[in-house]
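Everything below belongs to coords35.txt, which stores compact mmCIF, C-alpha atoms.
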# COMPACT_ATOMS: atom_id res chain seq x y z
CA MET A 1 -28.46 48.89 15.45
CA SER A 2 -31.26 51.19 14.17
CA TRP A 3 -33.64 48.23 13.94
CA ALA A 4 -32.99 47.42 17.61
CA ARG A 5 -33.82 50.98 18.65
CA LYS A 6 -36.96 50.88 16.53
CA PHE A 7 -38.01 47.61 18.14
CA SER A 8 -37.30 49.02 21.60
CA CYS A 9 -39.38 52.11 20.82
CA HIS A 10 -42.43 50.07 19.80
CA LEU A 11 -41.98 47.73 22.73
CA HIS A 12 -42.18 50.78 25.00
CA SER A 13 -45.41 51.78 23.22
CA TRP A 14 -46.92 48.41 23.99
CA GLN A 15 -45.78 48.61 27.62
CA ALA A 16 -47.35 52.06 27.92
CA ALA A 17 -50.67 50.67 26.68
CA VAL A 18 -50.59 47.86 29.23
CA GLY A 19 -49.77 50.42 31.90
CA GLU A 20 -52.81 52.48 30.92
CA ALA A 21 -55.04 49.42 31.21
CA ARG A 22 -53.69 48.58 34.65
CA GLU A 23 -54.08 52.18 35.77
CA ALA A 24 -57.70 52.21 34.57
CA GLN A 25 -58.47 49.05 36.54
CA ARG A 26 -56.78 50.51 39.62
CA HIS A 27 -58.81 53.72 39.23
CA TRP A 28 -62.01 51.68 39.14
CA LYS A 29 -61.06 49.79 42.30
CA GLU A 30 -60.20 53.04 44.10
CA ASN A 31 -63.60 54.54 43.23
CA LYS A 32 -65.35 51.41 44.46
CA GLY A 33 -63.45 51.53 47.74
CA GLN A 34 -64.21 55.23 48.16
CA PHE A 35 -67.93 54.60 47.63
CA LYS A 36 -67.94 51.87 50.28
CA ALA A 37 -66.03 54.08 52.72
CA GLU A 38 -68.48 56.97 52.25
CA TRP A 39 -71.45 54.64 52.70
CA LYS A 40 -70.02 53.22 55.94
CA ALA A 41 -69.25 56.73 57.21
CA SER A 42 -72.83 57.75 56.50
CA ARG A 43 -74.12 54.78 58.48
CA ARG A 44 -71.85 55.60 61.42
CA ALA A 45 -73.09 59.20 61.37
CA GLY A 46 -76.68 57.99 61.61
CA ARG A 47 -77.79 59.19 58.15
CA GLN A 48 -79.74 56.06 57.31
CA CYS A 49 -83.15 57.53 56.49
CA GLU A 50 -82.67 56.78 52.81
CA GLU A 51 -81.39 53.26 53.42
CA THR A 52 -84.14 52.09 55.83
CA PRO A 53 -87.30 54.06 55.02
CA GLY A 54 -90.59 53.54 56.80
CA PRO A 55 -91.23 52.29 60.32
CA PRO A 56 -88.54 50.22 62.02
CA PRO A 57 -88.87 46.51 61.24
CA THR A 58 -89.67 45.53 64.85
CA GLY A 59 -92.75 45.34 67.05
CA PHE A 60 -91.60 48.31 69.16
CA SER A 61 -93.22 50.66 66.64
CA LEU A 62 -96.66 49.25 67.55
CA LEU A 63 -96.29 49.11 71.32
CA PRO A 64 -97.30 52.76 72.04
CA TRP A 65 -100.85 51.94 70.93
CA LEU A 66 -101.27 49.92 74.14
CA LEU A 67 -101.74 53.27 75.86
CA MET A 68 -105.34 53.07 74.64
CA GLY A 69 -105.87 50.53 77.41
CA LEU A 70 -104.97 52.96 80.19
CA GLY A 71 -108.66 53.85 80.62
CA SER A 72 -109.48 50.24 81.44
CA LEU A 73 -106.56 50.02 83.86
CA SER A 74 -107.74 53.22 85.51
CA ASN A 75 -111.23 51.75 85.99
CA ILE A 76 -109.74 48.70 87.67
CA LEU A 77 -107.56 50.75 90.00
CA GLN A 78 -110.47 53.06 90.93
CA GLY A 79 -112.79 50.15 91.68
CA LYS A 80 -115.23 51.01 88.88
CA THR A 81 -114.89 47.56 87.27
CA PRO A 82 -116.93 44.63 88.64
CA ASP A 83 -114.85 41.57 89.41
CA PRO A 84 -111.56 43.49 89.10
CA TRP A 85 -109.50 40.30 89.27
CA ILE A 86 -111.18 38.98 86.15
CA GLY A 87 -110.75 42.34 84.43
CA GLY A 88 -107.09 42.51 85.43
CA ALA A 89 -106.47 38.97 84.19
CA GLY A 90 -108.22 39.83 80.93
CA LEU A 91 -106.18 43.02 80.51
CA LEU A 92 -102.93 41.15 81.16
CA THR A 93 -103.89 38.40 78.72
CA PHE A 94 -104.86 40.89 76.03
CA ASN A 95 -101.60 42.87 76.38
CA SER A 96 -99.50 39.69 76.37
CA LEU A 97 -101.19 38.38 73.21
CA TYR A 98 -100.86 41.79 71.53
CA ILE A 99 -97.13 42.00 72.25
CA TYR A 100 -96.63 38.41 71.11
CA ILE A 101 -98.44 39.03 67.83
CA VAL A 102 -96.92 42.39 66.83
CA PHE A 103 -93.36 41.17 67.43
CA ARG A 104 -94.01 38.22 65.12
CA ALA A 105 -95.71 40.40 62.49
CA PHE A 106 -92.43 41.74 61.08
CA ASP A 107 -91.11 38.33 60.05
CA ARG A 108 -92.92 36.68 57.15
CA GLU A 109 -92.47 33.10 58.31
CA ARG A 110 -93.42 33.81 61.91
CA ARG A 111 -96.29 36.04 60.78
CA GLU A 112 -97.80 33.25 58.70
CA ALA A 113 -97.20 30.55 61.32
CA LEU A 114 -100.18 28.72 62.84
CA SER A 115 -99.22 29.83 66.36
CA THR A 116 -99.57 33.49 65.35
CA ARG A 117 -103.03 32.90 63.86
CA VAL A 118 -104.12 31.01 66.97
CA ALA A 119 -102.86 33.85 69.17
CA LEU A 120 -104.81 36.35 67.05
CA LEU A 121 -107.99 34.24 67.43
CA LEU A 122 -107.50 34.07 71.22
CA MET A 123 -106.99 37.82 71.27
CA GLY A 124 -110.30 38.25 69.46
CA LEU A 125 -112.10 36.04 71.98
CA VAL A 126 -110.59 37.94 74.94
CA THR A 127 -111.52 41.28 73.35
CA THR A 128 -115.10 40.13 72.77
CA GLY A 129 -115.47 38.84 76.33
CA LEU A 130 -114.12 42.04 77.91
CA ALA A 131 -116.25 44.24 75.64
CA LEU A 132 -119.46 42.31 76.42
CA GLY A 133 -118.68 42.13 80.11
CA TYR A 134 -117.63 45.73 80.76
CA GLY A 135 -118.24 48.01 77.76
CA ASP A 136 -117.14 51.67 78.09
CA ASN A 137 -113.32 52.02 77.79
CA TRP A 138 -112.96 48.30 77.21
CA LEU A 139 -114.50 48.72 73.76
CA LEU A 140 -111.31 50.47 72.65
CA PHE A 141 -109.63 47.06 72.55
CA PHE A 142 -111.38 46.42 69.23
CA PRO A 143 -109.27 49.02 67.36
CA LEU A 144 -106.19 47.42 68.94
CA LEU A 145 -107.42 44.05 67.74
CA GLY A 146 -107.82 45.57 64.27
CA LEU A 147 -104.26 46.92 64.42
CA ALA A 148 -102.88 43.47 65.29
CA THR A 149 -105.03 41.91 62.55
CA GLY A 150 -103.72 44.36 59.95
CA ALA A 151 -100.14 43.69 61.04
CA VAL A 152 -100.54 39.93 60.58
CA LEU A 153 -103.02 39.53 57.70
CA ARG A 154 -101.60 41.15 54.56
CA GLY A 155 -103.08 39.66 51.46
CA PRO A 156 -106.15 39.32 49.26
CA TRP A 157 -108.35 38.41 52.24
CA LEU A 158 -107.47 41.52 54.23
CA GLY A 159 -110.35 43.66 52.91
CA LYS A 160 -113.05 41.10 53.68
CA THR A 161 -111.49 40.33 57.06
CA GLY A 162 -111.36 44.04 57.92
CA LEU A 163 -115.04 44.54 57.01
CA LEU A 164 -116.18 41.49 58.98
CA LEU A 165 -114.13 42.49 62.02
CA ALA A 166 -115.45 46.06 61.89
CA ALA A 167 -119.06 44.83 61.62
CA PHE A 168 -118.53 42.44 64.51
CA ALA A 169 -116.93 45.17 66.64
CA GLY A 170 -119.84 47.51 65.89
CA ALA A 171 -122.41 44.86 66.79
CA VAL A 172 -120.74 44.00 70.10
CA SER A 173 -120.29 47.69 70.97
CA ALA A 174 -123.95 48.37 70.20
CA VAL A 175 -124.89 46.15 73.14
CA HIS A 176 -123.56 48.81 75.52
CA ASP A 177 -123.41 52.05 73.51
CA GLY A 178 -126.15 51.64 70.91
CA TRP A 179 -125.49 53.66 67.78
CA ASN A 180 -122.12 54.80 69.15
CA GLY A 181 -120.92 51.35 68.18
CA ILE A 182 -120.55 52.74 64.66
CA ASN A 183 -117.56 54.77 65.89
CA ILE A 184 -115.90 51.62 67.25
CA ALA A 185 -116.61 49.83 63.96
CA TYR A 186 -115.09 52.68 61.95
CA ALA A 187 -112.02 52.89 64.21
CA THR A 188 -111.53 49.11 63.98
CA PHE A 189 -111.76 49.07 60.19
CA LEU A 190 -109.47 52.09 59.87
CA SER A 191 -106.80 50.68 62.18
CA THR A 192 -106.87 47.34 60.35
CA MET A 193 -106.49 48.71 56.84
CA VAL A 194 -104.10 51.58 57.59
CA THR A 195 -101.74 49.37 59.59
CA ALA A 196 -101.67 46.73 56.87
CA ALA A 197 -101.08 49.35 54.17
CA ILE A 198 -98.22 51.10 55.99
CA LEU A 199 -96.43 47.92 56.99
CA SER A 200 -96.86 46.35 53.55
CA LEU A 201 -95.53 49.48 51.85
CA SER A 202 -92.50 49.75 54.12
CA GLU A 203 -91.75 46.06 53.64
CA ALA A 204 -92.04 46.42 49.87
CA VAL A 205 -89.69 49.42 49.89
CA ARG A 206 -87.11 47.52 51.94
CA GLU A 207 -87.32 44.57 49.57
CA LEU A 208 -86.95 46.83 46.55
CA ARG A 209 -83.92 48.57 48.06
CA ALA A 210 -82.36 45.21 48.90
CA ALA A 211 -83.00 44.05 45.34
CA ARG A 212 -81.50 47.27 43.96
CA GLU A 213 -78.35 46.85 46.05
CA GLU A 214 -78.07 43.24 44.91
CA LEU A 215 -78.45 44.27 41.28
CA ALA A 216 -75.83 47.00 41.75
CA LEU A 217 -73.36 44.52 43.24
CA ARG A 218 -74.02 42.10 40.41
CA ALA A 219 -73.53 44.86 37.85
CA VAL A 220 -70.18 45.78 39.41
CA GLU A 221 -69.12 42.15 39.44
CA GLU A 222 -70.21 41.60 35.85
CA GLU A 223 -68.38 44.75 34.75
CA ARG A 224 -65.25 43.61 36.52
CA LEU A 225 -65.47 40.22 34.83
CA ARG A 226 -66.15 41.87 31.48
CA PHE A 227 -63.14 44.14 31.86
CA SER A 228 -60.90 41.23 32.85
CA ARG A 229 -62.22 39.12 29.98
CA ASP A 230 -61.68 41.92 27.47
CA LEU A 231 -58.10 42.46 28.61
CA HIS A 232 -57.44 38.74 28.46
CA ASP A 233 -58.90 38.48 24.97
CA LEU A 234 -57.02 41.55 23.76
CA LEU A 235 -53.64 40.79 25.29
CA GLY A 236 -53.51 36.99 25.34
CA HIS A 237 -53.12 36.40 21.63
CA THR A 238 -51.24 39.65 21.01
CA LEU A 239 -48.56 38.92 23.61
CA SER A 240 -48.11 35.42 22.29
CA VAL A 241 -47.57 36.74 18.76
CA ILE A 242 -45.15 39.43 19.95
CA VAL A 243 -43.10 36.91 21.96
CA VAL A 244 -42.91 34.44 19.08
CA LYS A 245 -41.95 37.07 16.53
CA SER A 246 -39.39 38.63 18.90
CA GLU A 247 -37.70 35.25 19.32
CA ALA A 248 -37.74 34.79 15.54
CA ALA A 249 -36.22 38.24 15.02
CA ARG A 250 -33.48 37.48 17.56
CA ARG A 251 -32.59 34.22 15.81
CA LEU A 252 -32.70 35.72 12.31
CA ALA A 253 -30.72 38.90 13.08
CA PRO A 254 -27.20 37.33 12.86
CA ARG A 255 -27.98 35.51 9.56
CA ASP A 256 -30.67 37.46 7.68
CA MET A 257 -31.20 41.09 8.70
CA GLY A 258 -33.96 41.57 6.11
CA ALA A 259 -36.04 38.72 7.51
CA ALA A 260 -35.44 40.01 11.03
CA LEU A 261 -36.65 43.48 10.03
CA THR A 262 -39.77 41.87 8.52
CA GLN A 263 -40.52 40.23 11.86
CA ILE A 264 -39.95 43.52 13.66
CA THR A 265 -42.35 45.26 11.24
CA ASP A 266 -44.97 42.64 12.05
CA ILE A 267 -44.36 43.20 15.75
CA GLU A 268 -44.88 46.93 15.22
CA SER A 269 -48.18 46.32 13.40
CA VAL A 270 -49.47 43.92 16.04
CA GLY A 271 -48.43 46.27 18.85
CA ARG A 272 -50.16 49.27 17.27
CA GLN A 273 -53.35 47.29 16.75
CA ALA A 274 -53.24 46.06 20.35
CA LEU A 275 -52.63 49.62 21.57
CA THR A 276 -55.70 50.85 19.70
CA GLU A 277 -57.90 48.03 21.00
CA ILE A 278 -56.76 48.51 24.59
CA ARG A 279 -57.44 52.24 24.48
CA GLU A 280 -60.91 51.54 23.12
CA ALA A 281 -61.52 49.01 25.89
CA VAL A 282 -60.54 51.37 28.70
CA THR A 283 -62.12 54.53 27.28
CA GLY A 284 -65.08 54.27 29.64
CA TYR A 285 -62.73 54.00 32.63
CA ARG A 286 -60.59 57.02 31.85
CA GLU A 287 -62.76 60.10 31.97
CA GLY A 288 -60.38 62.09 34.10
CA SER A 289 -60.32 65.84 34.29
CA LEU A 290 -58.05 68.12 32.30
CA SER A 291 -56.20 69.04 35.48
CA THR A 292 -55.36 65.38 36.03
CA GLU A 293 -54.03 65.03 32.50
CA LEU A 294 -51.93 68.19 32.88
CA ASP A 295 -50.38 66.80 36.06
CA ARG A 296 -49.60 63.56 34.29
CA ALA A 297 -48.12 65.52 31.39
CA ARG A 298 -45.78 67.40 33.75
CA SER A 299 -44.66 64.12 35.27
CA ALA A 300 -44.08 62.41 31.93
CA LEU A 301 -42.21 65.35 30.42
CA THR A 302 -39.99 65.74 33.49
CA ALA A 303 -39.16 62.03 33.47
CA ALA A 304 -38.18 62.28 29.80
CA GLY A 305 -35.84 65.21 30.49
CA ILE A 306 -38.12 67.78 28.87
CA GLU A 307 -38.89 71.01 30.72
CA PRO A 308 -42.70 71.36 31.06
CA VAL A 309 -44.31 74.81 30.90
CA VAL A 310 -48.06 74.72 31.57
CA ARG A 311 -50.31 77.78 31.46
CA ARG A 312 -54.06 77.69 32.05
CA SER A 313 -56.57 80.54 32.18
CA GLY A 314 -60.22 81.19 31.49
CA PRO A 315 -63.58 80.05 32.89
CA PRO A 316 -64.33 76.45 33.97
CA LEU A 317 -64.94 74.03 31.14
CA THR A 318 -67.76 71.57 30.60
CA PRO A 319 -67.01 67.88 31.33
CA GLN A 320 -67.20 67.04 27.63
CA THR A 321 -64.69 69.74 26.73
CA GLU A 322 -62.36 68.70 29.55
CA ALA A 323 -62.49 65.09 28.37
CA LEU A 324 -61.66 66.11 24.80
CA LEU A 325 -58.81 68.43 25.76
CA GLY A 326 -57.50 65.82 28.19
CA TRP A 327 -57.28 63.36 25.31
CA VAL A 328 -55.46 65.95 23.20
CA VAL A 329 -52.93 66.64 25.96
CA ARG A 330 -52.33 62.93 26.53
CA GLU A 331 -51.73 62.15 22.87
CA ALA A 332 -49.63 65.25 22.22
CA VAL A 333 -47.37 64.68 25.20
CA THR A 334 -46.95 61.03 24.24
CA ASN A 335 -45.76 62.09 20.77
CA ALA A 336 -43.47 64.74 22.22
CA VAL A 337 -41.82 62.26 24.57
CA ARG A 338 -41.38 59.54 21.96
CA HIS A 339 -40.57 61.39 18.80
CA SER A 340 -39.70 65.08 19.26
CA GLY A 341 -36.31 65.04 20.99
CA ALA A 342 -37.26 68.45 22.45
CA ASN A 343 -35.79 70.07 25.54
CA ARG A 344 -38.83 72.20 26.37
CA CYS A 345 -42.60 71.71 25.94
CA GLU A 346 -45.29 74.37 26.42
CA ILE A 347 -48.95 73.60 27.05
CA THR A 348 -51.36 76.54 27.08
CA VAL A 349 -55.09 76.34 27.84
CA ALA A 350 -56.85 79.66 27.35
CA GLY A 351 -60.50 80.65 27.09
Write-out of the structure in structure tokens:
Amino acid sequence: MSWARKFSCHLHSWQAAVGEAREAQRHWKENKGQFKAEWKASRRAGRQCEETPGPPPTGFSLLPWLLMGLGSLSNILQGKTPDPWIGGAGLLTFNSLYIYIVFRAFDRERREALSTRVALLLMGLVTTGLALGYGDNWLLFFPLLGLATGAVLRGPWLGKTGLLLAAFAGAVSAVHDGWNGINIAYATFLSTMVTAAILSLSEAVRELRAAREELALRAVEEERLRFSRDLHDLLGHTLSVIVVKSEAARRLAPRDMGAALTQITDIESVGRQALTEIREAVTGYREGSLSTELDRARSALTAAGIEPVVRRSGPPLTPQTEALLGWVVREAVTNAVRHSGANRCEITVAG
């Protein structure tokens, strides 16, 4: 029955290799789950500055600029504005158009819609009428118009549009304030270009981060498929050969022990080759620490009826050294369990 024990020993070797592959895949899944859990915990704690950089993707970030119109509202309430009902209607119309435009500016389709462009044109007409009719604080609506223009128009025509709008704002302001209209022109051009630059940059960063997350998910999925494919390729043919040869050895054993031993030798060769290939396939998934390997060694030795004695001293080791010594411990303990017949095993790590 020595050939049966030999066959059983090599069959256990093959089973151990399959177990290592399954453990490596489980380890990968656990790490993936841990990463997702940490990411969700970070979101719940409010630490999202790295995930959503830049201004919030809503129009609320642009609403505080409407405070620039408080001077005009104050003039209406104090009776300093002729025809206050017309001024009030103009102020309400301007604010309504501004809010409508900036809330559509953060969605590409709505930003490029005809209704948004028409609303921006109407806003320009209202701004021009109020500036020509009242001047003074009402001229500050031009920088707000520039801000709305920069939020909506982001493209190759932005520079020319910003220059034309600034020149127009300066010319209209010059009717009331003369050369001070240059300040309104400068403020209009600045608000147009800076707003467009900031919003375009934040949008680009969000798109890049979304693309990076998509690529990361695809990489994980491709790696999972690769790992599954490799295991299938490695084990599919090997298992079939082992099963066929095992059946042949079982049938030949009663009649021809020599032929049966030949089949068992072939099974041993195929199993060793498969064990080597599987270990090579899962090498990248098993970079555990030396402490982990020592714990596994204790467990394996105890299960085999061998008393484990582990001693460790010295400074912390580099990851490369830990990986190497972990491999040494794993291979040595495997040999001790399978071949030594020992009652006691000592492992000493000293630096």
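By only C-alpha atoms, and with residues fewer than 5 positions from range 184-200 of chain A along its chain excluded, the set lying at most 6 Å from it is Phe142, Pro143, Gly146, Leu147, Gly150, Ala151, Gly162, Ala166, Ala169 and Gly170 of chain A.
Between CA of Pro319 in chain A and CA of Ala297 in chain A the interatomic distance comes to 19.0 Å.
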Best match for closeness to Pro315 in chain A among A:Leu122, A:Ala274, A:Val337, A:Val349, counting only C-alpha atoms: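 Comparing A:Leu122, A:Ala274, A:Val337, A:Val349 against Pro315 in chain A, the winner is A:Val349.
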Top pick for closest residue to Leu164 in chain A, considering A:Asn183, A:Gln320, A:Thr149, A:Ser269 and counting all atoms listed in the file: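 When distances to Leu164 in chain A are compared using all atoms listed in the file, the smallest one comes from A:Thr149.
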CA of Leu125 in chain A to CA of Asp83 in chain A, straight-line distance in Å: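 Separation of CA of Asp83 in chain A and CA of Leu125 in chain A: 18.5 Å.
Those residues that approach Glu293 in chain A to within 7 Å, counting only C-alpha atoms, are Ser289, Leu290, Ser291, Asp295, Arg296, Ala297, Gly326, Val329 and Arg330 of chain A; same-chain residues fewer than 2 positions away are not listed.
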Nearest residue to Tyr134 in chain A from the set A:Val333, A:Ala303, A:Leu91, A:Ala211 (distances using all atoms listed in the file): A:Leu91
Close residues, Glu307 in chain A itself excluded, 12 Å, only C-alpha atoms, min 2 positions apart in chain, as a list in words: Ala297, Arg298, Ser299, Ala300, Leu301, Thr302, Ala303, Ala304, Gly305, Val309, Val310, Val333, Ala336, Val337, Gly341, Ala342, Asn343, Arg344, Cys345, Glu346 and Ile347 of chain A
Pairwise distance for CA of Ala148 in chain A and CA of Val175 in chain A, rounded to one decimal in Å: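 Taking CA of Ala148 in chain A as the start and CA of Val175 in chain A as the end point, the length is 23.5 Å.
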Within-10 Å shell of (-96.2, 38.2, 65.1) in input frame, only C-alpha atoms, as JSON, numbers by chain: {"A": [58, 59, 97, 98, 99, 100, 101, 102, 103, 104, 105, 106, 107, 108, 109, 110, 111, 112, 113, 115, 116, 117, 119, 120, 148, 149, 151, 152]}
Closest of A:Glu247, A:Asp136, A:Glu223, A:Glu203 to Gly181 in chain A - atom-to-atom distances counting only C-alpha atoms: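 Comparing A:Glu247, A:Asp136, A:Glu223, A:Glu203 against Gly181 in chain A, the winner is A:Asp136.
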Residue nearest Met68 in chain A - candidates A:Ile242, A:Leu235, A:Ala219, A:Leu144, atoms counted: only C-alpha atoms: A:Leu144
